[in-house]
$ cat entry-v4.cif   # mmCIF, C-alpha atoms
data_final
loop_
_atom_site.label_atom_id
_atom_site.label_comp_id
_atom_site.auth_asym_id
_atom_site.auth_seq_id
_atom_site.Cartn_x
_atom_site.Cartn_y
_atom_site.Cartn_z
CA MET A 255 -3.73 14.08 20.04
CA THR A 256 -0.94 15.97 18.29
CA ARG A 257 -1.80 16.42 14.65
CA LEU A 258 0.57 15.84 11.73
CA ASN A 259 1.00 19.26 10.12
CA VAL A 260 1.30 18.69 6.35
CA LEU A 261 2.48 21.23 3.81
CA TRP A 262 1.93 20.19 0.19
CA LEU A 263 3.87 21.84 -2.64
CA GLN A 264 3.64 21.15 -6.37
CA SER A 265 6.67 21.27 -8.60
CA GLY A 266 7.22 20.07 -12.19
CA GLY A 267 4.36 17.76 -13.15
CA CYS A 268 0.75 17.50 -14.22
CA GLY A 269 -0.99 17.64 -10.84
CA GLY A 270 -2.42 14.17 -11.46
CA CYS A 271 -1.50 12.90 -7.99
CA SER A 272 -3.65 15.62 -6.42
CA MET A 273 -6.51 14.71 -8.74
CA SER A 274 -6.06 11.07 -7.78
CA LEU A 275 -6.08 11.99 -4.09
CA LEU A 276 -9.46 13.66 -4.50
CA CYS A 277 -10.79 10.30 -5.73
CA ALA A 278 -10.07 8.71 -2.36
CA ASP A 279 -12.72 6.12 -1.54
CA THR A 280 -14.40 8.17 1.17
CA PRO A 281 -17.58 10.27 1.33
CA ASP A 282 -15.81 13.02 3.32
CA PHE A 283 -12.19 13.65 2.34
CA GLN A 284 -11.49 16.30 4.98
CA ALA A 285 -13.03 14.19 7.75
CA THR A 286 -10.83 11.25 6.70
CA LEU A 287 -7.74 13.41 7.18
CA ARG A 288 -8.93 14.76 10.52
CA GLN A 289 -9.78 11.31 11.82
CA ALA A 290 -6.27 10.14 10.94
CA GLY A 291 -4.72 13.08 12.77
CA ILE A 292 -3.63 14.89 9.61
CA GLU A 293 -3.81 18.69 9.40
CA LEU A 294 -3.40 19.92 5.82
CA LEU A 295 -1.76 23.31 6.31
CA TRP A 296 -1.75 24.24 2.64
CA HIS A 297 -2.32 22.66 -0.75
CA PRO A 298 -2.14 24.63 -4.03
CA SER A 299 -5.47 23.27 -5.27
CA LEU A 300 -7.39 22.69 -2.04
CA SER A 301 -6.52 25.78 0.00
CA LEU A 302 -8.13 29.20 -0.26
CA ASP A 303 -5.10 31.06 1.03
CA GLY A 304 -2.42 32.24 -1.37
CA GLY A 305 0.00 35.05 -1.94
CA ILE A 306 0.99 36.78 1.28
CA GLU A 307 -0.81 34.18 3.44
CA LEU A 308 1.27 31.37 1.94
CA GLN A 309 4.49 33.35 2.22
CA THR A 310 3.74 33.99 5.89
CA LEU A 311 3.10 30.29 6.46
CA LEU A 312 6.36 29.32 4.75
CA ALA A 313 8.28 31.87 6.81
CA ASP A 314 6.67 30.56 10.02
CA CYS A 315 7.64 27.00 9.12
CA LEU A 316 11.24 27.99 8.40
CA SER A 317 11.58 30.01 11.59
CA GLY A 318 10.10 27.29 13.77
CA ARG A 319 7.10 29.38 14.79
CA PHE A 320 4.95 26.74 13.11
CA ARG A 321 5.76 23.04 13.40
CA LEU A 322 6.24 21.36 10.01
CA ASP A 323 5.73 17.62 10.41
CA ALA A 324 5.52 16.49 6.79
CA LEU A 325 6.64 18.28 3.67
CA CYS A 326 4.86 16.67 0.72
CA VAL A 327 6.21 17.44 -2.73
CA GLU A 328 4.30 16.52 -5.88
CA GLY A 329 6.10 16.75 -9.21
CA ALA A 330 9.76 16.60 -10.21
CA LEU A 331 12.27 19.16 -9.02
CA LEU A 332 13.44 21.36 -11.91
CA ARG A 333 17.09 22.26 -11.42
CA GLY A 334 17.59 24.01 -14.75
CA PRO A 335 18.81 26.14 -16.27
CA HIS A 336 22.39 25.49 -15.14
CA GLY A 337 21.41 24.54 -11.59
CA SER A 338 19.58 27.82 -10.92
CA GLY A 339 16.10 26.34 -10.67
CA ARG A 340 14.73 29.39 -12.46
CA PHE A 341 12.57 27.22 -14.71
CA HIS A 342 10.20 27.06 -11.74
CA VAL A 343 9.89 29.98 -9.35
CA LEU A 344 7.23 29.92 -6.65
CA ALA A 345 4.78 32.62 -7.67
CA GLY A 346 5.14 35.89 -5.82
CA THR A 347 8.42 35.00 -4.13
CA ASP A 348 11.10 35.22 -6.85
CA VAL A 349 12.64 32.16 -5.15
CA ALA A 350 13.16 28.94 -7.09
CA MET A 351 11.03 26.02 -5.96
CA ILE A 352 14.13 23.88 -5.47
CA ASP A 353 15.42 26.43 -2.95
CA TRP A 354 12.12 26.44 -1.07
CA VAL A 355 12.16 22.64 -0.97
CA ARG A 356 15.75 22.49 0.28
CA GLN A 357 15.03 24.96 3.08
CA LEU A 358 11.74 23.37 4.13
CA ALA A 359 13.16 19.84 3.97
CA ALA A 360 15.85 20.93 6.44
CA VAL A 361 13.25 21.79 9.09
CA ALA A 362 10.54 19.21 8.31
CA ARG A 363 10.18 16.15 10.48
CA HIS A 364 9.39 14.04 7.41
CA VAL A 365 9.73 14.58 3.66
CA VAL A 366 7.33 12.73 1.38
CA ALA A 367 7.58 12.40 -2.40
CA ILE A 368 4.06 12.20 -3.83
CA GLY A 369 4.16 10.32 -7.11
CA SER A 370 6.94 9.03 -9.34
CA CYS A 371 7.95 12.47 -10.59
CA ALA A 372 8.80 13.61 -7.07
CA ALA A 373 10.34 10.23 -6.27
CA TRP A 374 12.60 9.63 -9.28
CA GLY A 375 11.94 12.37 -11.86
CA GLY A 376 9.25 10.41 -13.69
CA VAL A 377 7.67 11.56 -16.93
CA THR A 378 8.93 15.11 -16.32
CA ALA A 379 12.52 13.82 -16.59
CA SER A 380 11.96 11.68 -19.68
CA GLY A 381 13.91 11.91 -22.91
CA PRO A 382 16.66 14.53 -23.05
CA ASN A 383 15.33 16.13 -19.84
CA PRO A 384 15.84 19.78 -20.85
CA THR A 385 14.68 21.11 -17.46
CA ASP A 386 17.18 18.90 -15.56
CA ALA A 387 14.29 17.40 -13.60
CA CYS A 388 14.98 14.93 -10.80
CA GLY A 389 13.38 13.37 -7.77
CA LEU A 390 13.84 14.45 -4.17
CA GLN A 391 16.39 11.72 -3.39
CA PHE A 392 16.67 9.72 -6.62
CA GLU A 393 17.36 10.25 -10.30
CA ASP A 394 15.67 7.21 -11.75
CA GLU A 395 17.22 4.31 -9.78
CA HIS A 396 20.31 6.26 -8.78
CA ARG A 397 20.48 7.85 -5.34
CA GLY A 398 21.10 11.57 -5.23
CA GLY A 399 18.37 13.83 -6.54
CA LEU A 400 17.80 17.30 -5.16
CA LEU A 401 18.42 16.53 -1.48
CA GLY A 402 21.28 14.08 -1.91
CA ALA A 403 21.77 10.37 -1.29
CA GLY A 404 22.52 10.82 2.40
CA PHE A 405 19.56 13.01 3.29
CA VAL A 406 17.67 12.01 6.40
CA ALA A 407 14.81 14.12 7.73
CA ARG A 408 14.58 15.15 11.37
CA GLY A 409 12.25 12.25 12.08
CA GLY A 410 14.98 9.77 11.14
CA LEU A 411 13.65 8.68 7.74
CA PRO A 412 14.98 9.31 4.25
CA VAL A 413 12.50 10.67 1.73
CA VAL A 414 9.36 8.52 1.80
CA ASN A 415 8.66 7.74 -1.87
CA VAL A 416 4.94 7.21 -2.41
CA ALA A 417 5.61 6.38 -6.05
CA GLY A 418 3.01 5.92 -8.80
CA CYS A 419 1.84 7.80 -11.87
CA PRO A 420 -0.47 8.85 -10.48
CA THR A 421 -0.10 7.51 -7.00
CA HIS A 422 -3.06 5.67 -5.48
CA PRO A 423 -5.00 7.91 -3.03
CA GLY A 424 -4.96 5.10 -0.46
CA TRP A 425 -1.16 4.97 -0.55
CA VAL A 426 -0.96 8.68 0.24
CA ILE A 427 -3.53 8.67 3.03
CA ASP A 428 -2.15 5.48 4.59
CA SER A 429 1.43 6.80 4.46
CA LEU A 430 0.50 10.08 6.12
CA SER A 431 -1.69 8.25 8.64
CA ALA A 432 1.22 5.95 9.53
CA LEU A 433 3.50 8.96 9.99
CA ALA A 434 0.88 10.65 12.17
CA ALA A 435 0.63 7.53 14.34
CA GLY A 436 4.40 7.02 14.50
CA LEU A 437 4.05 3.67 12.74
CA LEU A 438 6.34 4.23 9.74
CA GLY A 439 9.96 3.45 10.50
CA PRO A 440 13.04 2.58 8.41
CA VAL A 441 12.08 -1.12 8.31
CA ASP A 442 8.73 -0.16 6.79
CA LEU A 443 10.38 1.25 3.66
CA ASP A 444 11.82 -0.83 0.84
CA ALA A 445 15.23 -0.31 -0.77
CA LEU A 446 13.80 2.54 -2.87
CA GLY A 447 12.14 4.29 0.05
CA ARG A 448 8.62 3.16 -0.84
CA PRO A 449 6.21 2.18 1.95
CA ARG A 450 6.26 -1.60 2.05
CA PHE A 451 2.53 -1.94 2.76
CA TYR A 452 2.01 -1.50 -0.97
CA ALA A 453 5.52 -1.96 -2.43
CA ASP A 454 5.89 -5.51 -1.10
CA GLN A 455 3.06 -6.52 -3.44
CA LEU A 456 3.04 -7.04 -7.20
CA VAL A 457 0.41 -5.71 -9.59
CA HIS A 458 0.17 -9.33 -10.76
CA HIS A 459 -1.35 -10.32 -7.41
CA GLY A 460 -5.11 -10.40 -7.75
CA CYS A 461 -5.11 -9.73 -11.50
CA THR A 462 -8.34 -11.01 -13.03
CA ARG A 463 -6.32 -12.32 -16.00
CA ASN A 464 -4.27 -14.73 -13.89
CA GLU A 465 -5.89 -17.85 -15.32
CA PHE A 466 -4.75 -16.74 -18.77
CA TYR A 467 -1.28 -16.00 -17.38
CA GLU A 468 -1.04 -19.48 -15.84
CA PHE A 469 -1.72 -21.13 -19.18
CA LYS A 470 0.20 -18.44 -21.16
CA ALA A 471 -2.97 -17.75 -23.13
CA SER A 472 -2.10 -14.31 -24.43
CA ALA A 473 -4.06 -11.35 -25.73
CA ASP A 474 -3.20 -10.20 -29.25
CA LYS A 475 -5.07 -6.89 -29.20
CA PRO A 476 -6.29 -4.42 -26.53
CA SER A 477 -9.85 -5.75 -26.41
CA ASP A 478 -8.82 -9.37 -25.75
CA LEU A 479 -9.36 -10.95 -22.34
CA GLY A 480 -6.06 -12.85 -22.30
CA CYS A 481 -2.82 -12.15 -20.47
CA MET A 482 -1.11 -9.00 -21.76
CA MET A 483 2.42 -9.92 -20.72
CA GLU A 484 3.55 -11.81 -23.85
CA HIS A 485 2.44 -9.38 -26.55
CA MET A 486 0.91 -6.23 -25.03
CA GLY A 487 3.74 -4.92 -22.84
CA CYS A 488 2.27 -5.69 -19.42
CA LYS A 489 4.80 -5.57 -16.56
CA GLY A 490 2.42 -6.58 -13.79
CA THR A 491 4.69 -9.46 -12.76
CA GLN A 492 7.51 -6.99 -12.13
CA ALA A 493 5.76 -3.86 -10.85
CA HIS A 494 5.63 -3.28 -7.09
CA ALA A 495 2.11 -2.17 -6.18
CA ASP A 496 -1.17 -3.58 -4.89
CA CYS A 497 -3.34 -2.18 -7.69
CA ASN A 498 -5.37 -5.36 -8.19
CA THR A 499 -6.04 -6.01 -4.51
CA ARG A 500 -6.55 -2.35 -3.53
CA LEU A 501 -8.74 -1.24 -6.41
CA TRP A 502 -8.83 2.32 -7.70
CA ASN A 503 -12.05 4.14 -6.84
CA GLY A 504 -13.13 0.86 -5.26
CA GLU A 505 -13.63 -0.77 -8.64
CA GLY A 506 -10.81 -0.87 -11.17
CA SER A 507 -7.16 -1.07 -12.13
CA CYS A 508 -5.21 -0.67 -15.35
CA THR A 509 -5.30 -4.37 -16.20
CA ARG A 510 -8.98 -4.69 -15.28
CA GLY A 511 -9.67 -1.83 -17.67
CA GLY A 512 -7.84 -3.57 -20.49
CA TYR A 513 -4.58 -1.62 -20.25
CA ALA A 514 -1.16 -3.15 -19.71
CA CYS A 515 0.69 -2.28 -16.52
CA VAL A 516 3.55 0.06 -17.46
CA SER A 517 5.21 -0.34 -14.03
CA CYS A 518 4.64 3.30 -13.08
CA THR A 519 5.84 2.81 -9.49
CA GLU A 520 9.35 1.88 -10.67
CA PRO A 521 12.26 4.21 -11.47
CA GLY A 522 12.75 4.78 -15.19
CA PHE A 523 9.32 3.50 -16.22
CA GLN A 524 8.90 6.59 -18.41
CA ASP A 525 11.71 5.57 -20.77
CA PRO A 526 11.29 1.80 -21.31
CA GLY A 527 13.13 1.82 -24.64
CA HIS A 528 10.09 0.51 -26.50
CA ALA A 529 6.43 1.39 -27.02
CA PHE A 530 4.42 0.91 -23.83
CA HIS A 531 1.98 -1.43 -25.60
CA GLN A 532 4.67 -3.74 -26.94
CA THR A 533 6.65 -6.53 -25.29
CA PRO A 534 10.32 -6.61 -26.34
CA LYS A 535 11.52 -10.15 -27.01
CA LEU A 536 14.71 -12.08 -27.60
CA ALA A 537 14.35 -15.24 -29.67
CA GLY A 538 10.61 -14.98 -29.16
CA ILE A 539 10.87 -14.84 -25.37
CA PRO A 540 9.84 -11.67 -23.47
CA ILE A 541 12.87 -9.87 -22.04
CA GLY A 542 10.97 -8.68 -18.98
CA LEU A 543 10.07 -11.79 -16.99
CA PRO A 544 8.81 -12.20 -13.41
CA THR A 545 11.44 -10.73 -11.11
CA ASP A 546 11.74 -13.71 -8.79
CA MET A 547 11.92 -16.57 -11.32
CA PRO A 548 15.01 -17.77 -13.24
CA LYS A 549 14.51 -17.28 -16.97
CA ALA A 550 15.15 -20.97 -17.78
CA TRP A 551 12.44 -22.02 -15.34
CA PHE A 552 9.95 -19.60 -16.83
CA VAL A 553 10.64 -20.78 -20.39
CA ALA A 554 10.21 -24.41 -19.38
CA LEU A 555 7.01 -23.78 -17.41
CA ALA A 556 5.58 -21.57 -20.16
CA SER A 557 6.08 -24.32 -22.70
CA LEU A 558 4.33 -26.86 -20.48
CA SER A 559 1.51 -24.44 -19.68
CA LYS A 560 0.82 -23.67 -23.32
CA SER A 561 0.68 -27.34 -24.19
CA ALA A 562 -1.90 -27.89 -21.44
CA THR A 563 -4.08 -24.85 -22.14
CA PRO A 564 -7.78 -25.81 -22.06
CA LYS A 565 -9.70 -25.00 -25.23
CA ARG A 566 -12.00 -22.74 -23.20
CA VAL A 567 -9.09 -20.61 -21.96
CA ARG A 568 -7.45 -20.45 -25.40
CA GLN A 569 -10.62 -19.28 -27.11
CA ASN A 570 -11.56 -16.75 -24.44
CA ALA A 571 -8.06 -15.26 -24.43
CA ASN A 572 -8.53 -13.84 -27.92
CA ALA A 573 -12.08 -12.58 -27.48
CA ASP A 574 -13.53 -9.47 -25.89
CA HIS A 575 -16.09 -11.48 -23.92
CA VAL A 576 -16.43 -14.99 -22.51
CA VAL A 577 -17.06 -17.18 -25.54
CA VAL A 578 -16.86 -20.55 -23.81
CA PRO A 579 -18.07 -20.58 -20.18
CA PRO A 580 -16.72 -23.06 -17.62
CA VAL A 581 -18.52 -26.40 -17.70
CA ALA A 582 -21.03 -26.89 -14.90
CA ARG A 583 -19.99 -29.91 -12.88
CA LYS A 584 -20.76 -31.29 -9.46
CA THR A 585 -18.02 -30.41 -7.00
CA ARG A 586 -19.19 -32.40 -3.98
CA LEU A 587 -16.80 -35.00 -2.69
CA LYS A 588 -17.96 -38.60 -3.14
#
$ encode --input "entry-v4.cif" --output "C-alpha cells"
Amino acid sequence: MTRLNVLWLQSGGCGGCSMSLLCADTPDFQATLRQAGIELLWHPSLSLDGGIELQTLLADCLSGRFRLDALCVEGALLRGPHGSGRFHVLAGTDVAMIDWVRQLAAVARHVVAIGSCAAWGGVTASGPNPTDACGLQFEDEHRGGLLGAGFVARGGLPVVNVAGCPTHPGWVIDSLSALAAGLLGPVDLDALGRPRFYADQLVHHGCTRNEFYEFKASADKPSDLGCMMEHMGCKGTQAHADCNTRLWNGEGSCTRGGYACVSCTEPGFQDPGHAFHQTPKLAGIPIGLPTDMPKAWFVALASLSKSATPKRVRQNANADHVVVPPVARKTRLK
C-alpha cells in the first residue's frame, strides 16, 4: 500500500491543535497513523530531526526527490510586515514561513489547514491583526488568503479546512485517512472546504441540554444545567461540528463541561462583537438563532415551549444538579 506522506508545519498560533491531536482516543498514536496508511515525515513537536535534516527534507520535497502527499499547516499565515512575512521566519533558513508554504503547496498533492487559524486566520487574526495573519485560502469568510481563492492542489482539491479551535483529533486523523484511501473528493467538502463528515452536523445534535432547549428553560449562570443559548452565548444551534456525538477524549464537550459553544469551527468566531459568555438580543430575542429556522417560527415556538415547560425542567434548569427527578411511571402499553 502506498503511504500518504505528510509534512506538518506550524505557523502563527498556539500549537493547541497538535496538543489536541496527541489526545486522540487511541492507546498507540503512531500505530493508528500507520494502520491508516499515514507516514508522518516531520512534525515540529513529534520529530527528532531538525536543522539541516529538516532543510534537506524540504529541499527533497521541492525537487520531487521525495513525494509530498499532504502538506499540513497549523496556525495562521503571517504576511506582515508589508507582505514580507518576516514576522515568522523558519528557523535556520532565513526564509519566511509564507514563502515555504507557497512553494510546498505548489508541489503537494493535498494541502490541509489544521485548525481555524490555518483555515481562516482565527484568533491569531483577531482585532486589528497587526501581523496581517490570514488562512491558507480564506480570510474569515472571504476567499483569498495566502494561496488565493482559485488555488487547487495537485490532487484536485482546494485547501481542506479541518477547522476548530482546537480541532478535534478525530477530525484530523479521519481527514488524513480519507485522503490516504482516496475517499475525500470535492463533494465531500462543504462550501467552506471543511470535511462534511463532521461539518454537516451541528454541535446542538446530541447536546445533553436538549430537553432544556426544547422547553426554552435557560441557564442564568455557568453552573446551571439549563440551555445556554438564551443568556450564556451558546451557538451550538449554529456551529457546524459533531462535538456532542463524537466526544472529546471519549468523554466530554464544551457544553457537557458547562461552557457555551463559541462556534470555533466557523470563520470570524474570534471577533463575535460581544463577550463570548453573553447572548446579544434585540427586543429580548437572541440575534443568533438556529440557522435553518425562520426567526418568526422560532419566536412563536419558543413562546409555546416556555408556556408548557414542566415544573421539573424549569427548576432543574437553574440548579447545578438535578433537583427534581423524573417521576417513575409504568411505561408498558395497556
$ closest_residue --input "entry-v4.cif" --among "A:Asp323, A:Glu468, A:Asp525, A:Asp444" --to "Trp262 of chain A" --atoms "only C-alpha atoms"
A:Asp323
$ atom_distance --input "entry-v4.cif" --atom1 "atom CA of His459 of chain A" --atom2 "atom CA of Ser517 of chain A"
13.7 Å
$ resolve_selection --input "entry-v4.cif" --expression "the PyMOL selection byres ((chain A and resi 572-578) around 10)" --output "list of chain:residue names"
A:Ala471, A:Ser472, A:Ala473, A:Asp474, A:Lys475, A:Pro476, A:Ser477, A:Asp478, A:Leu479, A:Gly480, A:Cys481, A:Gly512, A:Lys565, A:Arg566, A:Val567, A:Arg568, A:Gln569, A:Asn570, A:Ala571, A:Pro579, A:Pro580, A:Val581
$ residues_near_point --input "entry-v4.cif" --point "(5.6, -4.3, -1.1)" --cutoff "9 Å" --atoms "only C-alpha atoms" --output "list in words"
Leu443, Asp444, Arg448, Pro449, Arg450, Phe451, Tyr452, Ala453, Asp454, Gln455, Leu456, His494, Ala495 and Asp496 of chain A
$ closest_residue --input "entry-v4.cif" --among "A:Gly409, A:Gly291, A:Gly460, A:Pro440" --to "Asn259 of chain A" --atoms "all atoms listed in the file"
A:Gly291
$ atom_distance --input "entry-v4.cif" --atom1 "atom CA of Ser370 of chain A" --atom2 "atom CA of Cys388 of chain A"
10.1 Å
$ axis_aligned_box --input "entry-v4.cif" --around "segment 308-314 of chain A" --padding-each-side "8 Å" --output "JSON"
{"center_x": 4.8, "center_y": 31.7, "center_z": 6.0, "size_x": 23.0, "size_y": 20.7, "size_z": 24.1}
$ atom_distance --input "entry-v4.cif" --atom1 "atom CA of Leu400 of chain A" --atom2 "atom CA of Leu331 of chain A"
7.0 Å
$ closest_residue --input "entry-v4.cif" --among "A:Gly404, A:Gly389, A:Gly376, A:Gly270" --to "Val327 of chain A" --atoms "only C-alpha atoms"
A:Gly389
$ resolve_selection --input "entry-v4.cif" --expression "the PyMOL selection byres ((chain A and resi 303-317) around 8)" --output "PyMOL selection string"
chain A and resi 296+301-302+318-322+345-347+357-358+361
$ resolve_selection --input "entry-v4.cif" --expression "the PyMOL selection byres ((chain A and resi 381-386) around 6)" --output "list in words"
Leu332, Arg333, Gly334, Ala379, Ser380 and Ala387 of chain A
$ write_last_selection --input "entry-v4.cif" --atoms "C-alpha atoms" --output "tab-separated table (two decimals), in the frame of the given file"
chain	number	residue	atom	x	y	z
A	332	LEU	CA	13.44	21.36	-11.91
A	333	ARG	CA	17.09	22.26	-11.42
A	334	GLY	CA	17.59	24.01	-14.75
A	379	ALA	CA	12.52	13.82	-16.59
A	380	SER	CA	11.96	11.68	-19.68
A	387	ALA	CA	14.29	17.40	-13.60
$ residues_around --input "entry-v4.cif" --residues "Cys277 of chain A" --least-positions-apart "6" --cutoff "10 Å" --atoms "only C-alpha atoms" --output "count of residues only"
8
